[in-house]
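Chemist: Below is the file structure-v6.tsv, with TSV, C-alpha atoms.
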```tsv
chain	number	residue	atom	x	y	z
A	6	MET	CA	-30.14	-6.64	-79.33
A	7	THR	CA	-31.65	-7.25	-82.74
A	8	SER	CA	-30.65	-4.73	-85.38
A	9	LEU	CA	-33.68	-2.88	-86.67
A	10	PRO	CA	-34.20	-0.28	-89.40
A	11	HIS	CA	-34.61	2.55	-86.87
A	12	GLN	CA	-32.14	1.41	-84.25
A	13	GLN	CA	-29.55	4.07	-84.94
A	14	ALA	CA	-32.11	6.83	-85.16
A	15	GLY	CA	-33.39	8.93	-82.31
A	16	PRO	CA	-34.84	12.31	-81.44
A	17	ARG	CA	-33.12	15.24	-83.02
A	18	THR	CA	-30.33	16.54	-80.84
A	19	ALA	CA	-30.01	20.15	-79.75
A	20	SER	CA	-27.25	20.73	-82.29
A	21	ALA	CA	-29.45	19.46	-85.10
A	22	ALA	CA	-32.64	21.20	-84.04
A	23	GLY	CA	-31.21	24.46	-82.75
A	24	PRO	CA	-30.44	25.63	-79.20
A	25	THR	CA	-31.88	23.60	-76.35
A	26	LEU	CA	-34.95	25.28	-74.87
A	27	ILE	CA	-35.85	23.96	-71.44
A	28	LEU	CA	-39.56	23.48	-70.94
A	29	TRP	CA	-39.78	25.03	-67.50
A	30	ALA	CA	-43.53	24.37	-67.24
A	31	TYR	CA	-42.63	20.67	-67.04
A	32	ALA	CA	-39.17	20.79	-65.48
A	33	ILE	CA	-40.13	22.78	-62.39
A	34	PRO	CA	-43.15	20.68	-61.28
A	35	ILE	CA	-41.35	17.40	-61.96
A	36	ALA	CA	-38.31	18.51	-59.95
A	37	ALA	CA	-40.49	19.89	-57.14
A	38	ILE	CA	-42.60	16.73	-56.80
A	39	HIS	CA	-39.46	14.56	-56.75
A	40	ALA	CA	-37.96	16.76	-54.03
A	41	LEU	CA	-41.15	16.61	-51.96
A	42	ALA	CA	-41.24	12.82	-52.35
A	43	LEU	CA	-38.10	12.67	-50.20
A	44	LEU	CA	-40.39	13.43	-47.26
A	45	VAL	CA	-41.15	9.69	-47.17
A	46	LEU	CA	-37.79	9.44	-45.39
A	47	VAL	CA	-39.16	11.42	-42.43
A	48	PRO	CA	-40.35	8.86	-39.83
A	49	TRP	CA	-42.97	11.24	-38.38
A	50	LEU	CA	-44.75	11.32	-41.73
A	51	PHE	CA	-45.09	7.55	-42.04
A	52	SER	CA	-48.36	5.75	-41.42
A	53	TRP	CA	-49.51	2.34	-42.54
A	54	SER	CA	-52.74	3.84	-43.88
A	55	GLY	CA	-50.76	6.40	-45.89
A	56	ALA	CA	-48.49	3.71	-47.35
A	57	LEU	CA	-51.52	1.60	-48.21
A	58	LEU	CA	-53.16	4.58	-49.95
A	59	GLY	CA	-49.98	5.00	-51.98
A	60	VAL	CA	-49.97	1.39	-53.14
A	61	LEU	CA	-53.69	1.37	-53.94
A	62	GLY	CA	-53.34	4.75	-55.61
A	63	VAL	CA	-50.80	3.39	-58.09
A	64	HIS	CA	-53.51	1.04	-59.33
A	65	LEU	CA	-56.45	3.45	-59.11
A	66	PHE	CA	-54.78	6.47	-60.67
A	67	GLY	CA	-52.14	4.77	-62.80
A	68	ASN	CA	-54.26	1.93	-64.16
A	69	LEU	CA	-57.69	3.53	-64.45
A	70	GLY	CA	-56.48	7.02	-65.32
A	71	ILE	CA	-53.42	6.47	-67.52
A	72	ASN	CA	-53.60	2.88	-68.78
A	73	LEU	CA	-57.34	2.67	-69.42
A	74	GLY	CA	-58.22	6.34	-69.80
A	75	TYR	CA	-55.40	8.07	-71.65
A	76	HIS	CA	-53.89	5.01	-73.34
A	77	ARG	CA	-56.30	2.28	-74.37
A	78	LEU	CA	-59.48	4.38	-74.46
A	79	LEU	CA	-58.42	7.78	-75.81
A	80	SER	CA	-55.19	7.03	-77.67
A	81	HIS	CA	-56.16	3.73	-79.31
A	82	ARG	CA	-59.96	3.64	-79.10
A	83	SER	CA	-59.70	-0.06	-78.31
A	84	PHE	CA	-63.00	0.10	-76.45
A	85	ARG	CA	-65.85	2.53	-75.79
A	86	THR	CA	-67.54	3.67	-72.61
A	87	PRO	CA	-70.43	5.99	-71.72
A	88	GLN	CA	-69.33	9.60	-71.88
A	89	TRP	CA	-69.59	10.11	-68.11
A	90	LEU	CA	-67.23	7.19	-67.47
A	91	GLU	CA	-64.74	8.38	-70.09
A	92	ARG	CA	-64.71	11.81	-68.44
A	93	THR	CA	-64.22	10.15	-65.04
A	94	PHE	CA	-61.17	8.29	-66.31
A	95	VAL	CA	-59.79	11.58	-67.64
A	96	VAL	CA	-60.24	13.38	-64.32
A	97	ILE	CA	-58.48	10.48	-62.57
A	98	ALA	CA	-55.66	10.78	-65.13
A	99	LEU	CA	-55.35	14.51	-64.42
A	100	CYS	CA	-54.63	13.53	-60.81
A	101	CYS	CA	-51.45	11.86	-62.13
A	102	LEU	CA	-50.09	15.18	-63.42
A	103	GLN	CA	-49.28	13.77	-66.87
A	104	ASP	CA	-50.50	16.65	-69.03
A	105	THR	CA	-53.75	17.35	-70.83
A	106	PRO	CA	-55.56	14.55	-72.70
A	107	ILE	CA	-54.88	16.10	-76.12
A	108	ARG	CA	-51.13	16.44	-75.57
A	109	TRP	CA	-50.79	12.95	-74.03
A	110	VAL	CA	-52.73	11.31	-76.86
A	111	ALA	CA	-50.95	13.27	-79.61
A	112	THR	CA	-47.56	12.37	-78.13
A	113	HIS	CA	-48.43	8.70	-77.90
A	114	ARG	CA	-49.85	8.46	-81.42
A	115	LEU	CA	-46.79	10.31	-82.73
A	116	HIS	CA	-44.65	7.70	-80.96
A	117	HIS	CA	-46.50	4.86	-82.70
A	118	ASN	CA	-46.26	6.62	-86.05
A	119	HIS	CA	-42.47	7.12	-85.78
A	120	ALA	CA	-41.46	4.56	-83.15
A	121	ASP	CA	-37.68	4.64	-82.58
A	122	GLY	CA	-37.26	6.89	-85.60
A	123	PRO	CA	-36.01	10.49	-85.81
A	124	GLU	CA	-39.45	11.93	-85.02
A	125	ASP	CA	-40.19	9.64	-82.07
A	126	PRO	CA	-40.60	12.02	-79.12
A	127	HIS	CA	-39.13	9.62	-76.55
A	128	SER	CA	-37.09	6.83	-78.10
A	129	PRO	CA	-34.49	5.51	-75.61
A	130	LEU	CA	-32.24	4.44	-78.48
A	131	GLN	CA	-30.55	7.83	-78.25
A	132	ASN	CA	-29.93	7.18	-74.55
A	133	PHE	CA	-31.90	5.73	-71.66
A	134	LEU	CA	-32.35	8.96	-69.72
A	135	TRP	CA	-33.71	10.76	-72.77
A	136	GLY	CA	-36.33	8.09	-73.42
A	137	HIS	CA	-37.24	7.81	-69.75
A	138	MET	CA	-37.77	11.46	-68.85
A	139	GLY	CA	-35.27	13.77	-70.56
A	140	TRP	CA	-37.56	14.37	-73.52
A	141	LEU	CA	-40.06	16.05	-71.20
A	142	PHE	CA	-37.67	18.90	-70.40
A	143	ARG	CA	-36.90	20.13	-73.93
A	144	ARG	CA	-39.28	22.11	-76.09
A	145	SER	CA	-39.63	20.30	-79.41
A	146	PRO	CA	-41.04	21.92	-82.57
A	147	THR	CA	-42.06	18.45	-83.77
A	148	LEU	CA	-44.16	17.87	-80.65
A	149	HIS	CA	-45.22	21.08	-78.90
A	150	ASP	CA	-47.21	22.51	-81.78
A	151	VAL	CA	-50.94	22.92	-82.31
A	152	PHE	CA	-50.66	21.43	-85.80
A	153	VAL	CA	-49.23	18.23	-84.28
A	154	TYR	CA	-52.21	18.08	-81.95
A	155	GLN	CA	-54.60	18.67	-84.83
A	156	ARG	CA	-53.07	15.85	-86.85
A	157	PHE	CA	-52.63	13.25	-84.14
A	158	ALA	CA	-55.50	14.10	-81.77
A	159	ARG	CA	-58.11	15.62	-84.06
A	160	ASP	CA	-60.88	13.49	-82.58
A	161	LEU	CA	-60.19	15.07	-79.19
A	162	MET	CA	-59.66	18.56	-80.59
A	163	VAL	CA	-63.24	18.65	-81.88
A	164	ASP	CA	-64.64	17.58	-78.51
A	165	PRO	CA	-65.61	20.70	-76.45
A	166	PHE	CA	-64.58	19.04	-73.15
A	167	TYR	CA	-61.05	18.20	-74.26
A	168	LEU	CA	-60.60	21.47	-76.12
A	169	TYR	CA	-61.67	23.35	-72.98
A	170	LEU	CA	-58.97	21.56	-70.98
A	171	GLU	CA	-56.37	22.20	-73.68
A	172	LYS	CA	-57.07	25.93	-73.82
A	173	ARG	CA	-56.75	26.11	-70.04
A	174	PRO	CA	-53.78	23.85	-69.18
A	175	TRP	CA	-53.67	25.35	-65.68
A	176	LEU	CA	-56.84	23.38	-64.96
A	177	SER	CA	-54.81	20.16	-64.95
A	178	GLY	CA	-52.66	21.49	-62.14
A	179	THR	CA	-55.73	22.78	-60.32
A	180	VAL	CA	-57.38	19.34	-60.40
A	181	TYR	CA	-54.17	17.84	-59.03
A	182	LEU	CA	-53.91	20.38	-56.21
A	183	PHE	CA	-57.56	19.97	-55.20
A	184	HIS	CA	-57.29	16.18	-55.07
A	185	ALA	CA	-54.09	16.52	-52.99
A	186	LEU	CA	-55.92	18.89	-50.63
A	187	GLY	CA	-58.72	16.35	-50.38
A	188	PHE	CA	-56.30	13.62	-49.27
A	189	PHE	CA	-54.87	15.93	-46.60
A	190	LEU	CA	-58.23	17.10	-45.26
A	191	VAL	CA	-59.79	13.63	-45.11
A	192	GLY	CA	-56.68	12.25	-43.41
A	193	ALA	CA	-56.58	15.11	-40.90
A	194	ALA	CA	-60.27	14.69	-40.12
A	195	ALA	CA	-59.88	10.93	-39.68
A	196	GLY	CA	-56.88	11.33	-37.38
A	197	TRP	CA	-58.61	13.96	-35.26
A	198	LEU	CA	-61.84	11.94	-35.10
A	199	PHE	CA	-60.25	8.67	-34.01
A	200	THR	CA	-57.69	10.11	-31.57
A	201	GLY	CA	-59.30	13.33	-30.42
A	202	SER	CA	-55.96	15.08	-30.98
A	203	PRO	CA	-55.52	17.88	-33.54
A	204	ALA	CA	-51.79	17.09	-33.66
A	205	ALA	CA	-52.53	13.47	-34.54
A	206	GLY	CA	-54.94	14.70	-37.20
A	207	LEU	CA	-52.26	16.94	-38.70
A	208	GLN	CA	-49.77	14.07	-38.70
A	209	LEU	CA	-52.14	11.66	-40.45
A	210	GLY	CA	-53.26	14.29	-42.96
A	211	LEU	CA	-49.66	15.05	-43.92
A	212	SER	CA	-48.87	11.34	-44.07
A	213	TRP	CA	-51.74	10.74	-46.49
A	214	LEU	CA	-50.57	13.70	-48.56
A	215	VAL	CA	-46.94	12.56	-48.72
A	216	TRP	CA	-47.57	8.84	-49.25
A	217	GLY	CA	-50.99	8.81	-50.91
A	218	VAL	CA	-50.37	11.68	-53.33
A	219	ILE	CA	-46.76	12.80	-53.73
A	220	ALA	CA	-44.96	9.44	-53.51
A	221	ARG	CA	-47.71	7.79	-55.54
A	222	THR	CA	-47.40	10.47	-58.24
A	223	VAL	CA	-43.66	9.84	-58.57
A	224	ALA	CA	-44.22	6.08	-58.69
A	225	VAL	CA	-46.85	6.36	-61.43
A	226	TRP	CA	-44.59	8.73	-63.38
A	227	HIS	CA	-41.67	6.32	-63.40
A	228	ILE	CA	-43.86	3.33	-64.19
A	229	THR	CA	-45.31	5.19	-67.17
A	230	TRP	CA	-41.88	6.40	-68.27
A	231	SER	CA	-40.50	2.86	-67.97
A	232	VAL	CA	-42.89	1.76	-70.71
A	233	ASN	CA	-41.24	4.37	-72.95
A	234	SER	CA	-37.69	3.49	-71.94
A	235	LEU	CA	-37.16	-0.02	-70.55
A	236	THR	CA	-39.55	-1.78	-72.92
A	237	HIS	CA	-37.66	-0.42	-75.92
A	238	LEU	CA	-34.33	-1.69	-74.54
A	239	PHE	CA	-34.77	-4.83	-72.46
A	240	GLY	CA	-36.93	-7.92	-72.87
A	241	TYR	CA	-37.93	-10.43	-75.50
A	242	ARG	CA	-39.47	-9.91	-78.91
A	243	THR	CA	-42.33	-12.14	-79.97
A	244	TYR	CA	-42.98	-10.19	-83.17
A	245	ALA	CA	-40.54	-8.72	-85.70
A	246	THR	CA	-41.95	-5.20	-85.64
A	247	ASP	CA	-40.10	-2.39	-87.39
A	248	GLU	CA	-38.99	-0.76	-84.13
A	249	ASN	CA	-37.30	-1.97	-80.95
A	250	SER	CA	-40.33	-2.68	-78.73
A	251	ARG	CA	-39.90	-5.53	-76.26
A	252	ASN	CA	-41.92	-7.49	-73.73
A	253	ASN	CA	-40.59	-6.77	-70.25
A	254	TRP	CA	-42.10	-8.78	-67.38
A	255	LEU	CA	-41.02	-6.37	-64.64
A	256	VAL	CA	-42.60	-3.36	-66.32
A	257	ALA	CA	-45.68	-5.45	-67.09
A	258	LEU	CA	-46.00	-6.36	-63.42
A	259	LEU	CA	-45.63	-2.77	-62.23
A	260	SER	CA	-47.88	-1.28	-64.91
A	261	ALA	CA	-50.76	-3.80	-64.82
A	262	GLY	CA	-49.86	-5.17	-68.25
A	263	GLU	CA	-48.42	-2.25	-70.22
A	264	GLY	CA	-44.98	-3.86	-70.24
A	265	TRP	CA	-45.97	-6.43	-72.88
A	266	HIS	CA	-44.96	-3.68	-75.25
A	267	ASN	CA	-43.86	-5.70	-78.27
A	268	ASN	CA	-47.31	-7.30	-78.29
A	269	HIS	CA	-48.83	-3.83	-78.15
A	270	HIS	CA	-46.76	-2.45	-81.04
A	271	TRP	CA	-47.62	-5.49	-83.15
A	272	ASP	CA	-51.33	-4.96	-82.51
A	273	PRO	CA	-51.93	-1.42	-81.16
A	274	ALA	CA	-55.69	-1.57	-81.85
A	275	SER	CA	-56.29	-4.40	-79.38
A	276	ALA	CA	-57.64	-3.75	-75.90
A	277	SER	CA	-55.47	-6.62	-74.68
A	278	VAL	CA	-51.70	-7.13	-74.71
A	279	GLN	CA	-51.90	-10.67	-73.33
A	280	HIS	CA	-50.83	-13.03	-76.13
A	281	ARG	CA	-49.65	-15.90	-73.92
A	282	TRP	CA	-51.37	-17.27	-70.84
A	283	TRP	CA	-48.67	-16.02	-68.51
A	284	GLU	CA	-48.53	-12.51	-69.97
A	285	ILE	CA	-50.93	-11.18	-67.35
A	286	ASP	CA	-52.80	-8.03	-68.35
A	287	PHE	CA	-54.79	-6.65	-65.42
A	288	SER	CA	-55.77	-3.57	-67.43
A	289	TYR	CA	-57.55	-5.79	-69.94
A	290	TYR	CA	-59.25	-7.71	-67.14
A	291	THR	CA	-60.65	-4.38	-65.95
A	292	ILE	CA	-61.94	-3.64	-69.44
A	293	ARG	CA	-63.58	-7.07	-69.65
A	294	THR	CA	-65.22	-6.48	-66.26
A	295	LEU	CA	-66.60	-3.17	-67.51
A	296	GLU	CA	-67.84	-4.96	-70.62
A	297	ARG	CA	-69.65	-7.62	-68.59
A	298	VAL	CA	-71.53	-5.02	-66.54
A	299	GLY	CA	-72.44	-2.99	-69.62
A	300	LEU	CA	-70.00	-0.11	-69.15
A	301	ALA	CA	-67.71	-0.96	-72.08
A	302	ARG	CA	-68.56	-1.83	-75.67
A	303	ASP	CA	-66.80	-2.35	-79.00
A	304	VAL	CA	-63.89	-4.01	-77.18
A	305	VAL	CA	-61.28	-4.84	-79.83
A	306	ARG	CA	-59.84	-8.33	-79.32
A	307	THR	CA	-56.31	-9.34	-80.23
A	308	ARG	CA	-55.51	-9.76	-83.91
A	309	HIS	CA	-55.32	-13.55	-83.85
A	310	VAL	CA	-58.71	-13.69	-82.12
A	311	ARG	CA	-60.20	-11.28	-84.65
A	312	ARG	CA	-58.93	-13.45	-87.47
A	313	GLN	CA	-59.99	-16.83	-86.10
A	314	ALA	CA	-62.92	-16.44	-83.74
A	315	ALA	CA	-65.38	-14.21	-85.64
A	316	PRO	CA	-68.14	-16.02	-87.55
A	317	PRO	CA	-67.96	-15.44	-91.33
A	318	ALA	CA	-71.06	-13.24	-91.30
A	319	GLU	CA	-69.50	-10.92	-88.70
A	320	LEU	CA	-65.89	-11.03	-89.84
A	321	ALA	CA	-66.10	-8.10	-92.24
A	322	THR	CA	-67.74	-5.80	-89.65
A	323	LYS	CA	-65.33	-6.75	-86.86
A	324	SER	CA	-62.31	-6.46	-89.15
A	325	GLU	CA	-63.42	-3.03	-90.31
A	326	LEU	CA	-63.84	-1.88	-86.70
A	327	ALA	CA	-60.40	-3.18	-85.71
A	328	ALA	CA	-58.75	-1.75	-88.82
A	329	THR	CA	-60.21	1.67	-88.12
A	330	ALA	CA	-59.09	1.49	-84.49
A	331	GLU	CA	-55.58	0.55	-85.58
A	332	LEU	CA	-55.38	3.50	-87.96
A	333	VAL	CA	-56.53	5.80	-85.18
A	334	ALA	CA	-53.91	4.25	-82.91
A	335	THR	CA	-51.12	5.13	-85.29
A	336	GLY	CA	-52.38	8.59	-86.16
A	337	GLU	CA	-53.27	7.84	-89.77
A	338	VAL	CA	-56.96	8.71	-89.41
A	339	HIS	CA	-59.06	10.25	-86.69
A	340	GLN	CA	-62.49	9.29	-85.45
A	341	GLN	CA	-65.17	11.65	-84.27
A	342	GLN	CA	-66.56	11.26	-80.77
A	343	PRO	CA	-69.87	9.31	-80.72
```
Can I see the file as structure tokens?
Modeler:
Amino acid sequence: MTSLPHQQAGPRTASAAGPTLILWAYAIPIAAIHALALLVLVPWLFSWSGALLGVLGVHLFGNLGINLGYHRLLSHRSFRTPQWLERTFVVIALCCLQDTPIRWVATHRLHHNHADGPEDPHSPLQNFLWGHMGWLFRRSPTLHDVFVYQRFARDLMVDPFYLYLEKRPWLSGTVYLFHALGFFLVGAAAGWLFTGSPAAGLQLGLSWLVWGVIARTVAVWHITWSVNSLTHLFGYRTYATDENSRNNWLVALLSAGEGWHNNHHWDPASASVQHRWWEIDFSYYTIRTLERVGLARDVVRTRHVRRQAAPPAELATKSELAATAELVATGEVHQQQP
């Protein structure tokens, strides 16, 4: 492992920051969902349709909601969409139970600003478990503070939609519960309709709930957390960034491209993390598809493309756009919503 300036640093320990305060609002739901996910071991609750919904749901909710919505769109402003589509991505992300948009974005921009340093909220250089999920369970004065949100997510704080969600954090849980109820009811109705048996309907509805919602939620959680943990510990480094980010093919495969993390830290403004032909980035392919049908604009290309491909007359404008996006990505400046 290459020695880096911040390698020995990590989040402040309980002894340095005061007594450990467990964040029960996070700890209880995370523990409960993990416990409920063990229901996949019950044979009666298995169905091929439920398992298929779980696999497809990892892509739909994890990729569209978290990767595109929370990460590349809101956190880094690497592309733009119509407001209705942006809001749709956010609602899909809320179905992943990964906090409000403002808190997620502020946390991620804080990470980029202090990656693997003392103020990084989830550096695994202290230990793997901390970077993977332990940081979620401890209240941190350097993270859970309205002034942190105002600094690192000011563009969202001035948007009435995101501020409404932030002032009512219970709405995130409500959205999750309603979408879970929807999976159960549709599954129960389908089972009853096709078999004529209420018991079969109940079985299929519960199967869709367990596999299509609960197991999928846990899978998306750990895939997201693996980007924070595994890609700062294992993999190869294409760029000599000032933190320990790495490109990890396994995480990239599971997360539709997010695992090419060293590429991302080298160029956080870019909508793409694919710098070599075999570094497949399905999230970027989705963005390009949206761009082709007119639902995405101002898509920021990779840095080497921005430097080489833009005609001289357009270079200054494109460079200014990318530079602004990169500053937003690292929390140095904040854009207003269009």
Chemist: Mind checking which residues fall within 12 Å of Trp135 of chain A, counting all atoms listed in the file, ignoring those fewer than 2 positions away in the same chain, and posting them as a VMD selection string?
Modeler: chain A and resid 15 to 18 125 to 133 137 to 143 230 to 231 233 to 235
Chemist: Considering only C-alpha atoms, can you say which of A:Asp164, A:Glu171, A:Leu102, A:Val110 comes closest to His184 of chain A?
Modeler: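 Once distances to His184 of chain A are computed over only C-alpha atoms, the minimum belongs to A:Leu102.
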Chemist: Choose the residue, out of A:Asp150, A:Asp121, A:Asp104, A:Asp247, that has the smallest atom-to-atom separation from Ser177 of chain A; count all atoms listed in the file.
Modeler: A:Asp104
Chemist: Name the closest residue to Leu134 of chain A among the candidates A:Leu78, A:Leu300, A:Ala30, A:Leu238; distances are taken between atoms, counting all atoms listed in the file.
Modeler: A:Leu238
Chemist: Determine the nearest neighbour of Trp89 of chain A from the options A:Arg293, A:Val63, A:Phe199, A:Ala301, counting all atoms listed in the file.
Modeler: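 Nearest candidate to Trp89 of chain A out of A:Arg293, A:Val63, A:Phe199, A:Ala301: A:Ala301.
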Chemist: Distance atom CA of Tyr31 of chain A-atom CA of Val223 of chain A, one decimal place?
Modeler: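 If I compute the distance from atom CA of Tyr31 of chain A to atom CA of Val223 of chain A, I get 13.8 Å.
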Chemist: To one decimal place in Å, what is the distance between atom CA of Gly178 of chain A and atom CA of Leu258 of chain A?
Modeler: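 Separation of atom CA of Gly178 of chain A and atom CA of Leu258 of chain A: 28.7 Å.
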Chemist: What would the list of residues within 9 Å of (-72.2, 4.3, -72.6) (file frame) look like as a list in words, if only C-alpha atoms are what count?
Modeler: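 Selection result: Arg85, Thr86, Pro87, Gln88, Trp89, Leu90, Glu91, Gly299, Leu300, Ala301 and Arg302 of chain A.
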Chemist: Please, what is the axis-aligned box for every listed atom of segment 103-119 of chain A with 6 Å on each side, as centre and edge lengths in Å to one decimal, as JSON?
Modeler:
```
{"center_x": -49.0, "center_y": 11.1, "center_z": -76.5, "size_x": 25.1, "size_y": 24.5, "size_z": 31.2}
```
Chemist: As an exercise, work out the distance from atom CA of Leu28 of chain A to atom CA of Leu148 of chain A in Å and give it to one decimal place.
Modeler: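 These atoms are spaced 12.1 Å apart.
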Chemist: Output as a PDB file, in the coordinates of the input: segment 216-224 of chain A, completed with all heavy atoms.
Modeler:
```pdb
ATOM      1  N   TRP A 216     -47.592  10.202 -48.725  1.00  0.00           N
ATOM      2  CA  TRP A 216     -47.570   8.840 -49.250  1.00  0.00           C
ATOM      3  C   TRP A 216     -48.666   8.596 -50.282  1.00  0.00           C
ATOM      4  O   TRP A 216     -48.419   7.945 -51.299  1.00  0.00           O
ATOM      5  CB  TRP A 216     -47.709   7.839 -48.103  1.00  0.00           C
ATOM      6  CG  TRP A 216     -46.473   7.710 -47.287  1.00  0.00           C
ATOM      7  CD1 TRP A 216     -46.106   8.481 -46.218  1.00  0.00           C
ATOM      8  CD2 TRP A 216     -45.407   6.782 -47.484  1.00  0.00           C
ATOM      9  NE1 TRP A 216     -44.891   8.088 -45.725  1.00  0.00           N
ATOM     10  CE2 TRP A 216     -44.433   7.029 -46.489  1.00  0.00           C
ATOM     11  CE3 TRP A 216     -45.180   5.749 -48.396  1.00  0.00           C
ATOM     12  CZ2 TRP A 216     -43.258   6.304 -46.379  1.00  0.00           C
ATOM     13  CZ3 TRP A 216     -44.009   5.009 -48.284  1.00  0.00           C
ATOM     14  CH2 TRP A 216     -43.060   5.284 -47.294  1.00  0.00           C
ATOM     15  N   GLY A 217     -49.858   9.091 -50.028  1.00  0.00           N
ATOM     16  CA  GLY A 217     -50.990   8.810 -50.910  1.00  0.00           C
ATOM     17  C   GLY A 217     -51.047   9.649 -52.153  1.00  0.00           C
ATOM     18  O   GLY A 217     -51.723   9.282 -53.124  1.00  0.00           O
ATOM     19  N   VAL A 218     -50.338  10.786 -52.162  1.00  0.00           N
ATOM     20  CA  VAL A 218     -50.370  11.680 -53.330  1.00  0.00           C
ATOM     21  C   VAL A 218     -48.983  11.853 -53.938  1.00  0.00           C
ATOM     22  O   VAL A 218     -48.740  11.494 -55.088  1.00  0.00           O
ATOM     23  CB  VAL A 218     -50.966  13.057 -52.955  1.00  0.00           C
ATOM     24  CG1 VAL A 218     -50.920  13.999 -54.173  1.00  0.00           C
ATOM     25  CG2 VAL A 218     -52.391  12.909 -52.452  1.00  0.00           C
ATOM     26  N   ILE A 219     -48.059  12.410 -53.154  1.00  0.00           N
ATOM     27  CA  ILE A 219     -46.760  12.800 -53.730  1.00  0.00           C
ATOM     28  C   ILE A 219     -45.933  11.573 -54.125  1.00  0.00           C
ATOM     29  O   ILE A 219     -45.462  11.460 -55.271  1.00  0.00           O
ATOM     30  CB  ILE A 219     -45.994  13.682 -52.741  1.00  0.00           C
ATOM     31  CG1 ILE A 219     -46.780  14.976 -52.496  1.00  0.00           C
ATOM     32  CG2 ILE A 219     -44.610  14.017 -53.297  1.00  0.00           C
ATOM     33  CD1 ILE A 219     -46.191  15.853 -51.405  1.00  0.00           C
ATOM     34  N   ALA A 220     -45.741  10.636 -53.183  1.00  0.00           N
ATOM     35  CA  ALA A 220     -44.960   9.440 -53.510  1.00  0.00           C
ATOM     36  C   ALA A 220     -45.653   8.620 -54.590  1.00  0.00           C
ATOM     37  O   ALA A 220     -44.995   8.067 -55.485  1.00  0.00           O
ATOM     38  CB  ALA A 220     -44.749   8.595 -52.255  1.00  0.00           C
ATOM     39  N   ARG A 221     -46.970   8.528 -54.509  1.00  0.00           N
ATOM     40  CA  ARG A 221     -47.710   7.790 -55.540  1.00  0.00           C
ATOM     41  C   ARG A 221     -47.574   8.445 -56.909  1.00  0.00           C
ATOM     42  O   ARG A 221     -47.425   7.747 -57.917  1.00  0.00           O
ATOM     43  CB  ARG A 221     -49.187   7.718 -55.144  1.00  0.00           C
ATOM     44  CG  ARG A 221     -50.075   6.991 -56.140  1.00  0.00           C
ATOM     45  CD  ARG A 221     -50.844   7.984 -57.022  1.00  0.00           C
ATOM     46  NE  ARG A 221     -51.673   8.830 -56.209  1.00  0.00           N
ATOM     47  CZ  ARG A 221     -52.243   9.937 -56.678  1.00  0.00           C
ATOM     48  NH1 ARG A 221     -52.033  10.339 -57.912  1.00  0.00           N
ATOM     49  NH2 ARG A 221     -52.998  10.680 -55.893  1.00  0.00           N
ATOM     50  N   THR A 222     -47.572   9.765 -56.971  1.00  0.00           N
ATOM     51  CA  THR A 222     -47.400  10.470 -58.240  1.00  0.00           C
ATOM     52  C   THR A 222     -46.056  10.124 -58.871  1.00  0.00           C
ATOM     53  O   THR A 222     -45.966   9.820 -60.067  1.00  0.00           O
ATOM     54  CB  THR A 222     -47.505  11.989 -58.037  1.00  0.00           C
ATOM     55  OG1 THR A 222     -48.807  12.313 -57.547  1.00  0.00           O
ATOM     56  CG2 THR A 222     -47.252  12.731 -59.347  1.00  0.00           C
ATOM     57  N   VAL A 223     -44.999  10.161 -58.062  1.00  0.00           N
ATOM     58  CA  VAL A 223     -43.660   9.840 -58.570  1.00  0.00           C
ATOM     59  C   VAL A 223     -43.605   8.395 -59.049  1.00  0.00           C
ATOM     60  O   VAL A 223     -43.015   8.089 -60.095  1.00  0.00           O
ATOM     61  CB  VAL A 223     -42.598  10.117 -57.494  1.00  0.00           C
ATOM     62  CG1 VAL A 223     -41.227   9.597 -57.941  1.00  0.00           C
ATOM     63  CG2 VAL A 223     -42.521  11.608 -57.192  1.00  0.00           C
ATOM     64  N   ALA A 224     -44.224   7.484 -58.284  1.00  0.00           N
ATOM     65  CA  ALA A 224     -44.220   6.080 -58.690  1.00  0.00           C
ATOM     66  C   ALA A 224     -44.931   5.879 -60.012  1.00  0.00           C
ATOM     67  O   ALA A 224     -44.426   5.183 -60.904  1.00  0.00           O
ATOM     68  CB  ALA A 224     -44.887   5.226 -57.597  1.00  0.00           C
TER      69      ALA A 224
END
```
